[in-house]
Each structure stands twice: as C-alpha cells, then as structure tokens.
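I have placed the structure first, in the form of structure tokens, so that the comments after it can refer back to it.
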Amino acid sequence: MIHFSEIFITGLLVGGIYAAIALGWVIIYKTSGVINLATGELTMIGAYICFALYATGVLPFFVALLAMLIIVAVLGALTEQLALRPLIGEPLLSVIMVTVGLSFFFKAVLTIIWGADTRVFSPTVFPLEPIMLGPIHISQVFLYSFLIAMALMAVLIAYFQRTRMGLAMQATADDEMAAMSMGVSANSVYRWAWILAFMTCGVAGALLANINGLNVSIGFLGLLVLPAVVIGGMNSIPGAVVGGLLIGVLENLGDAYISPFFPGGVKTTFPFIVMLIIMLWKPYGLWGWVKIERM
Amino acid sequence: MDRLPCGTKFATYRADHAWWQTRFTWIKMLFLAFVLFFIIPQFVGGYWITVFNMIGYTILAAMGVQLLIGYVGQITLGHAAPIGFGAFATALSMYLFEVPYLVALLIGAIAGGLLSLLFGLPCIKVKGFYIIMTTLAMQFITVDIILTQFIGPLAGRGRGGVISVEPEMFSIGPWVIYSPLDSYYWMLILVIGMMVFMANLLRTRVGRAWIAIRDNDIAAEALGVNIVRYKLLAFFIAGAMGGIAGGYWLTNLSIVSPEHFLFGWSLWLVGVLLIGGVGSMYGTIYGAMFMTLVLEGIKLALIPLAFTFPAIAGKFLYFKDFFFGLTIILFLIYEPNGLAYRWWRIKRYIWLWPFSY
C-alpha cells in the first residue's frame with residue numbers, strides 16, 4: 001500500500017508538469033485551432049535556455065527561469081510571425097505539418113548547439129533528501145516542481161480572467177468571428193497564444209530537466225501531452241489539467257505494475273493505449289465539445 | 001493533367017482517358033525506361049546505386065501514405081508501423097517457415113494491411129485529428145513494444161529485435177537478389193508495378209469513392225458511398241503497400257531492426273509527400289527524389305567542411321533534420337502544392353508558348 005501511494009503521488013506530481021504542458025497546447029488549439037506537434041520541442045527550448053543561463057554560474061535558478069521566459073517569449077512571437085501566420089486558413093494537414101517541420105528544426109538546432117549528451121543542472125537546484133509524509137517518501141524535486149507548475153497555472157488562469165488580452169483570448173476561443181467584429185485583433189491573440197505556450201512549456205521543460213536530466217528525450221515527454229489532451233477533451237482547460245495529472249499517474253502505475261510482465265517500453269506507450277480505449281468509448285474526451293457536422 | 005499541347009484532339013473516349021495521351025509522352029516514357037533499365041546500371045557506380053535504391057524504397061513507402069492522405073484524406077503519422085510489421089512478417093516467414101520470397105512478400109503485405117486495418121478501426125467513429133492520434137498510437141505500440149519485445153526475439157538470433165536474413169533467401173525462381181544492382185532492378189519492377197496498380201485503382205469505382213470521401217465525406221455518404229467500408233479498405237491497401245515496401249527493404253540490407261521504423265521515418269514520409277505534392281502520384285516520386293538527392297548533396301557539401309570543422313562530423317544527422325524541417329516549412333509557405341504542381345506549371349508554359357493564355 002505504501003509502495004502504491006508512493007508511486008501514485010510521484011505520478012501525480014509529475015502529472016502536474018504534464019498538465020502545464022497540456023495547458024500550453026490547449027491555449028494554442030483553443031485560440032487558433034492549430035494542432036501543435038512541436039510541443040515537446042517547446043519544452044526542450046525552455047529547458048536548454050534555462051540550463052545555459054544557469055550553467056554560467058552567475059544566475060540563481062529562479063532568475064535564470066525568468067530570463068528564459070523573456071527569451072522564449074521573443075522566440076514564440078517570431079515563430080508565430082514567420083511560420084504560422086502565412087498558413088492561417090490552410091487545411092489541417094498543412095498546419096500540422098508546419099508544426100512537425102518546426103519540431104524537426106528546433107530539435108536539430110538544439111542538438112547542433114548542445115549535443116545529444118545528457119546534461120544535469122549542477123549544483124542541483126532542489127535539495128536531494130526526500131521529505132517524509134508519514135511513512136511515504138516524496139522527493140523534493142517532484143514536490144517543488146509540482147508547486148511551481150501549479151503556481152504557473154494559477155497565474156495563467158488569473159491572466160485569462162483579469163487582463164484585457166486574456167479576455168480577448170477567451171472571446172476568440174469562444175467565437176472568433178464575433179470577437180473580431182467586437183474589435184479584438186485576432187493577430188495579436190494568436191501571437192500571445194504562442195508566447196504563452198512557449199512560456200508555459202519552457203517552465204515545464206526546465207522542471208522536467210531538473211527531474212530527469214536534460215537530453216533529447218524531453219521532446220518525447222512533450223509528445224505525451226497528446227494523450228493528455230485527448231483524454232481531457234481538446235478544448236477544455238480543466239480537461240487538460242485533469243488529463244495531464246491522469247497521464248502522470250497512469251505512466252507511473254503502468255511502469256510499476258505492468259512492466260514486470262511486458263518488459264520495456266510500457267512507460268511510454270501505456271498512456272497511448274489508455275487513450276485509444278478512451279477514444280473508442282468517448283471520442284471527444286471527458287470535457288471536449290462534441291462536434292456536430294452538417295453539410 | 002487536363003491541359004495538352006495546342007492542336008491535340010481525341011476521336012475516342014478510350015484515347016481521351018488514356019494515362020499517356022500523346023505519342024510524345026509514350027516516346028518520353030520509353031526513353032525513361034531505357035535510361036532506368038540500361039543506362040543507369042551501366043554508367044552509375046556502386047554507391048549511387050544504393051542511393052537510387054533508397055529513392056525507390058522511399059517511393060514505395062510513401063505510396064501508402066499518398067493513398068491515405070492524398071486520396072482518402074485520412075492523415076496518418078504512423079505509417080512506419082505497417083512497413084516495419086510487413087518487413088518483420090516477411091523476414092520471419094522466410095526464416096521460420098522457409099517459404100519462397102514472393103510468398104513471404106505477400107504474407108508481409110497482408111500482415112501490414114491487417115495491422116493498418118486494426119488501428120484504422122476508430123475511423124468509424126472519429127476523423128481528422130483523432131485519426132492522427134490513433135496512427136500515432138499505432139506507431140508507438142507496434143514499433144516500440146510489439147516489434148522490439150515480442151516479434152523480434154522470435155527469430156532467436158541477434159538481439160534487440162534485430163533479424164538478419166541470408167541474401168541467398170531472396171530468390172525469385174533462378175534469380176537471386178544479391179547485389180545492390182539486383183536490388184535496383186527489383187526496386188524498378190516493384191515501383192512500376194505499384195504505380196500501375198495504384199493508377200488503375202484510382203480510376204475505378206473504389207478510387208472515385210475515395211476521392212469523394214476526401215473532398216467531403218458527409219456529401220459522399222449522402223450520395224450513397226459506404227464511407228466506413230471504403231475508409232477501412234483504404235487503410236488495408238495502404239498498409240499492404242507499406243508491407244511490400246518493408247519486404248523490399250529486406251533485400252536492400254538483409255537485416256531488419258525496429259530502429260529502421262521509428263516515428264521520425266513516419267514523419268519523413270509525410271514530409272516527402274508534402275514536398276512532392278499531396279494528391280499526385282508523380283508527386284510521390286518527385287518528393288522522394290528531391291529529399292534523397294538533397295540529403296546526398298548536403299552530405300557531399302558537409303564532408304569537405306568536416307575536415308576544417310571536426311565538430312560537424314558527428315552531427316550530420318542533426319543537419320539532416322535541420323534541412324528537413326526547414327524544407328517542409330518553406331515548401332508549405334511558398335509552394336503548398338508541391339513539386340508536382342510546379343513541374344506541371346513549367347510544362348504548361350512550354351506547351352502553350354508563346355500564347356500562354
């Protein structure tokens with residue numbers, strides 16, 4: 001039972017980070033309808049930039065994190081302007097494939113600069129000794145990462161509800177034509193969606209890099225966000241959060257209890273299997289909008 | 001396709017519907033066949049033959065993707081899975097049951113088709129993005145678990161799911177596919193056969209139903225097309241084409257490993273399609289040629305550079321990804337219809353010159 005609760009809680013804490021990435025995905029999908037397959041690379045970009053700033057040894061981690069946010073915000077605006085803006089109104093395949101192109105491009109640039117070896121944040125950012133919660137061990141890295149991810153999501157939700165641009169983004173997500181006729185600039189909404197996605201994914205990437213070490217496989221962790229959003233429903237923010245938490249838990253439980261019977265690869269594929277089952281039963285996810293199509 | 005040089009007229013429907021409509025096209029194609037079958041093997045050296053084989057393999061592999069994306073409108077990002085499954089089925093049936101290569105190729109095709117059909121089943125209920133998700137799931141479940149952990153070790157040799165096959169096993173009657181040159185001829189036969197098959201399939205009732213589904217599936221259903229049956233048929237045939245591509249890949253290397261069918265290869269095939277032209281049979285060929293030859297060009301350009309900057313040598317793979325990503329993005333922005341469309345525009349300009357209106 002203790003073993004189970006440890007696995008469950010660790011999964012939940014990692015799931016918090018996945019939830020932040022899923023939120024970054026849903027922001028882009030809700031506002032502009034772009035299905036972003038480069039999410040994993042957005043996390044990698046943030047992680048590597050944060051690592052490079054931290055590795056200089058001058059900046060403390062949180063200052064490096066904030067400086068990274070500014071850099072990735074500029075990158076996000078540039079990406080939207082150069083690659084996504086020309087494709088507004090193009091068919092689904094073009095928009096998806098431009099994000100695939102971006103993912104190849106970003107991954108290649110990052111590996112050309114930093115190489116494919118695993119990098120570690122040193123000195124370690126969070127203390128190594130675990131916290132005891134009754135008989136349950138919890139690693140501090142996971143706990144603090146979860147708290148930072150949750151704080152990030154709280155900031156984002158406040159942004160959506162309190163600021164002018166956040167409200168404009170909500171309006172665009174709800175009904176783009178109506179929002180535009182009320183004077184909301186769709187261009188700046190798209191730009192801000194990409195900036196916010198880069199920033200949330202960047203923070204999540206930096207946290208994941210603290211947990212697992214930093215290499216190309218962080219990009220694959222970003223791909224896990226897709227089962228998360230499908231399970232949660234593609235255009236639902238609570239759905240993304242719950243889906244992310246669920247993926248974290250499922251991944252760890254699958255690793256602990258199914259891997260002994262089916263060796264290898266279960267940790268990464270188990271979320272996809274669960275997603276397939278949920279898709280057959282509830283194709284639009286738990287909270288997604290059911291699409292009704294007419295001629 | 002529908003524009004012809006000035007003054008070309010047809011007296012019969014048969015001539016009007018012909019694939020190659022003018023005598024000039026026939027002469028051109030016969031010349032091309034002559035070049036492919038006689039000139040290239042005579043004058044091209046050993047290394048470049050393997051490059052041509054790679055182009056052929058890319059064409060064969062991308063053809064199933066072209067069918068699904070370009071003609072039925074089902075976006076697939078996991079087509080490496082049926083290719084790998086077909087390759088493993090071919091290799092294992094040759095290795096374990098000692099069936100002849102052609103029968104094994106057929107078994108591989110059916111295996112790839114059935115796998116693709118199984119993961120295509122959700123298309124009954126969902127479409128668009130959700131089909132992408134099921135094909136992604138197909139990629140990860142098949143290649144990372146089934147092939148690596150369960151099917152690969154069946155052969156009982158090698159490790160990590162790698163199967164090696166003796167080159168002598170690839171025999172069609174008295175002809176043993178042994179050298180890269182044999183593999184090249186076999187590639188030409190397969191590519192031509194598959195192109196003829198697909199071109200004729202697309203002109204039948206099935207092909208027209210597929211194109212109707214691609215253009216508007218609700219309208220197609222309202223007009224009496226059984227969309228579930230035709231979509232599943234498309235998944236099966238595309239998977240079977242993938243299986244044949246996998247079976248061809250075996251003759252190229254005599255070894256098969258799950259490493260050859262990773263997610264990146266699936267994305268690469270879709271990229272080939274986009275660069276060549278979605279919904280164009282010739283586009284598959286142009287895209288495969290462009291991507292493979294550009295890659296070789298980059299390699300040739302980087303090798304001299306690597307002498308002066310040794311850091312480049314270990315990072316060739318990343319430069320390949322870099323150019324691939326950049327090419328896709330630039331093509332989507334500046335030439336979304338692909339090379340096939342550009343080539344058609346150039347041809348039309350020449351045909352209609354000097355009165356191009």
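Residues in the structure tokens are numbered from 1 in each chain, the chains being A, B, ... in the order shown, and ligands are numbered from 1 in the order shown.
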Interface, chain A side, toward chain B (10 Å; only C-alpha atoms) as a ChimeraX atom specification: /A:35,82-87,90,92-113,115-116,223,226-227,230,234,262-266,268-276,279-284,293-295
May I have all residues of region 65-204 of chain B that DSSP, computed from the backbone, assigns to alpha helix (DSSP H), given as number ranges by chain? B: 65, 80-96, 101-120, 129-139, 180-202
Just want the 9 Å neighbourhood of His137 (chain A), counted on only C-alpha atoms, with same-chain residues fewer than 6 positions away dropped. Output as an NGL selection string. :A and (6 or 130-131)
Selection above as a file: C-alpha atoms, as a compact mmCIF listing (two decimals), in the first residue's frame:
```txt
# COMPACT_ATOMS: atom_id res chain seq x y z
CA GLU A 6 4.43 6.50 -3.33
CA PRO A 130 13.29 13.24 0.45
CA ILE A 131 10.51 14.60 2.60
```
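Computed from the coordinates, the CA of Ile231 (chain A) to CA of Leu286 (chain A) distance equals 6.2 Å.
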Residue neighbourhood Gly16 (chain A), 10 Å, only C-alpha atoms, exclusion window fewer than 4 positions, as an mmCIF file with C-alpha atoms, in the first residue's frame:
```
data_model
loop_
_atom_site.group_PDB
_atom_site.id
_atom_site.type_symbol
_atom_site.label_atom_id
_atom_site.label_comp_id
_atom_site.auth_asym_id
_atom_site.auth_seq_id
_atom_site.Cartn_x
_atom_site.Cartn_y
_atom_site.Cartn_z
ATOM 1 C CA THR A 10 5.011 10.701 -7.655
ATOM 2 C CA GLY A 11 2.851 10.196 -10.715
ATOM 3 C CA LEU A 12 0.508 12.915 -9.594
ATOM 4 C CA ALA A 20 1.178 22.651 -17.538
ATOM 5 C CA ILE A 21 2.401 21.420 -20.947
ATOM 6 C CA ALA A 22 -1.120 20.326 -21.859
ATOM 7 C CA PHE A 142 8.965 16.447 -7.589
ATOM 8 C CA LEU A 143 7.204 18.386 -4.851
ATOM 9 C CA SER A 145 8.236 21.193 -9.430
ATOM 10 C CA PHE A 146 4.593 20.380 -8.830
ATOM 11 C CA LEU A 147 4.157 23.525 -6.725
ATOM 12 C CA ILE A 148 5.809 25.693 -9.395
ATOM 13 C CA ALA A 149 3.653 24.132 -12.102
ATOM 14 C CA MET A 150 0.523 24.770 -10.043
ATOM 15 C CA MET A 153 -1.335 27.531 -13.860
ATOM 16 C CA ALA A 204 7.619 22.782 -17.556
ATOM 17 C CA VAL A 241 -5.195 19.713 -16.281
ATOM 18 C CA VAL A 242 -7.017 16.513 -15.324
ATOM 19 C CA GLY A 243 -5.681 14.750 -18.416
ATOM 20 C CA GLY A 244 -2.125 15.758 -17.558
ATOM 21 C CA LEU A 245 -2.432 14.537 -13.961
ATOM 22 C CA LEU A 246 -4.023 11.309 -15.188
ATOM 23 C CA ILE A 247 -1.221 10.686 -17.695
ATOM 24 C CA GLY A 248 1.393 11.184 -14.988
ATOM 25 C CA VAL A 249 -0.342 8.702 -12.686
#
```
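From CA of Gly242 (chain B) back to CA of Phe197 (chain B), the distance works out to 14.1 Å.
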Check the DSSP output for the backbone and give back, as JSON, numbers by chain, the residues of region 8-234 of chain A in strand (DSSP E). {"A": [131, 132, 133, 136, 137, 138]}
Please provide the set of residues having any atom within 10 Å of Leu154 (chain B), restricted to only C-alpha atoms, with same-chain residues fewer than 3 positions apart removed, written as a PyMOL selection string. chain B and resi 92+96+147+149-151+157+161+163
Would you save the residues of that selection, restricted to C-alpha atoms, as a compact mmCIF listing (two decimals), in the first residue's frame?
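Output below, filename part_21.txt:
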```txt
# COMPACT_ATOMS: atom_id res chain seq x y z
CA LEU B 92 10.11 -14.24 -40.15
CA LEU B 96 10.95 -19.73 -39.66
CA LEU B 147 8.28 -5.48 -32.80
CA GLN B 149 9.83 -7.01 -27.45
CA PHE B 150 7.78 -9.80 -28.95
CA ILE B 151 8.25 -10.34 -32.66
CA ARG B 157 19.18 -14.73 -33.25
CA GLY B 161 14.77 -7.46 -32.14
CA ILE B 163 16.77 -10.17 -37.56
```
With region 22-37 of chain B as the partner and 12 Å as the cut-off, tabulate the residues of region 151-207 of chain B that qualify, each row holding the nearest pair of atoms and their distance in Å to one decimal, using only C-alpha atoms, sorted by chain and rising number, as CSV.
```
residue,atom,partner,partner_atom,distance
B:Leu181,CA,B:Phe37,CA,10.6
B:Asp182,CA,B:Phe37,CA,11.3
B:Tyr184,CA,B:Phe37,CA,9.3
B:Tyr185,CA,B:Phe37,CA,7.4
B:Trp186,CA,B:Phe37,CA,10.8
B:Met187,CA,B:Leu36,CA,11.0
B:Leu188,CA,B:Leu36,CA,8.0
B:Ile189,CA,B:Phe37,CA,10.0
B:Val191,CA,B:Leu36,CA,11.9
B:Ile192,CA,B:Ala33,CA,10.0
```
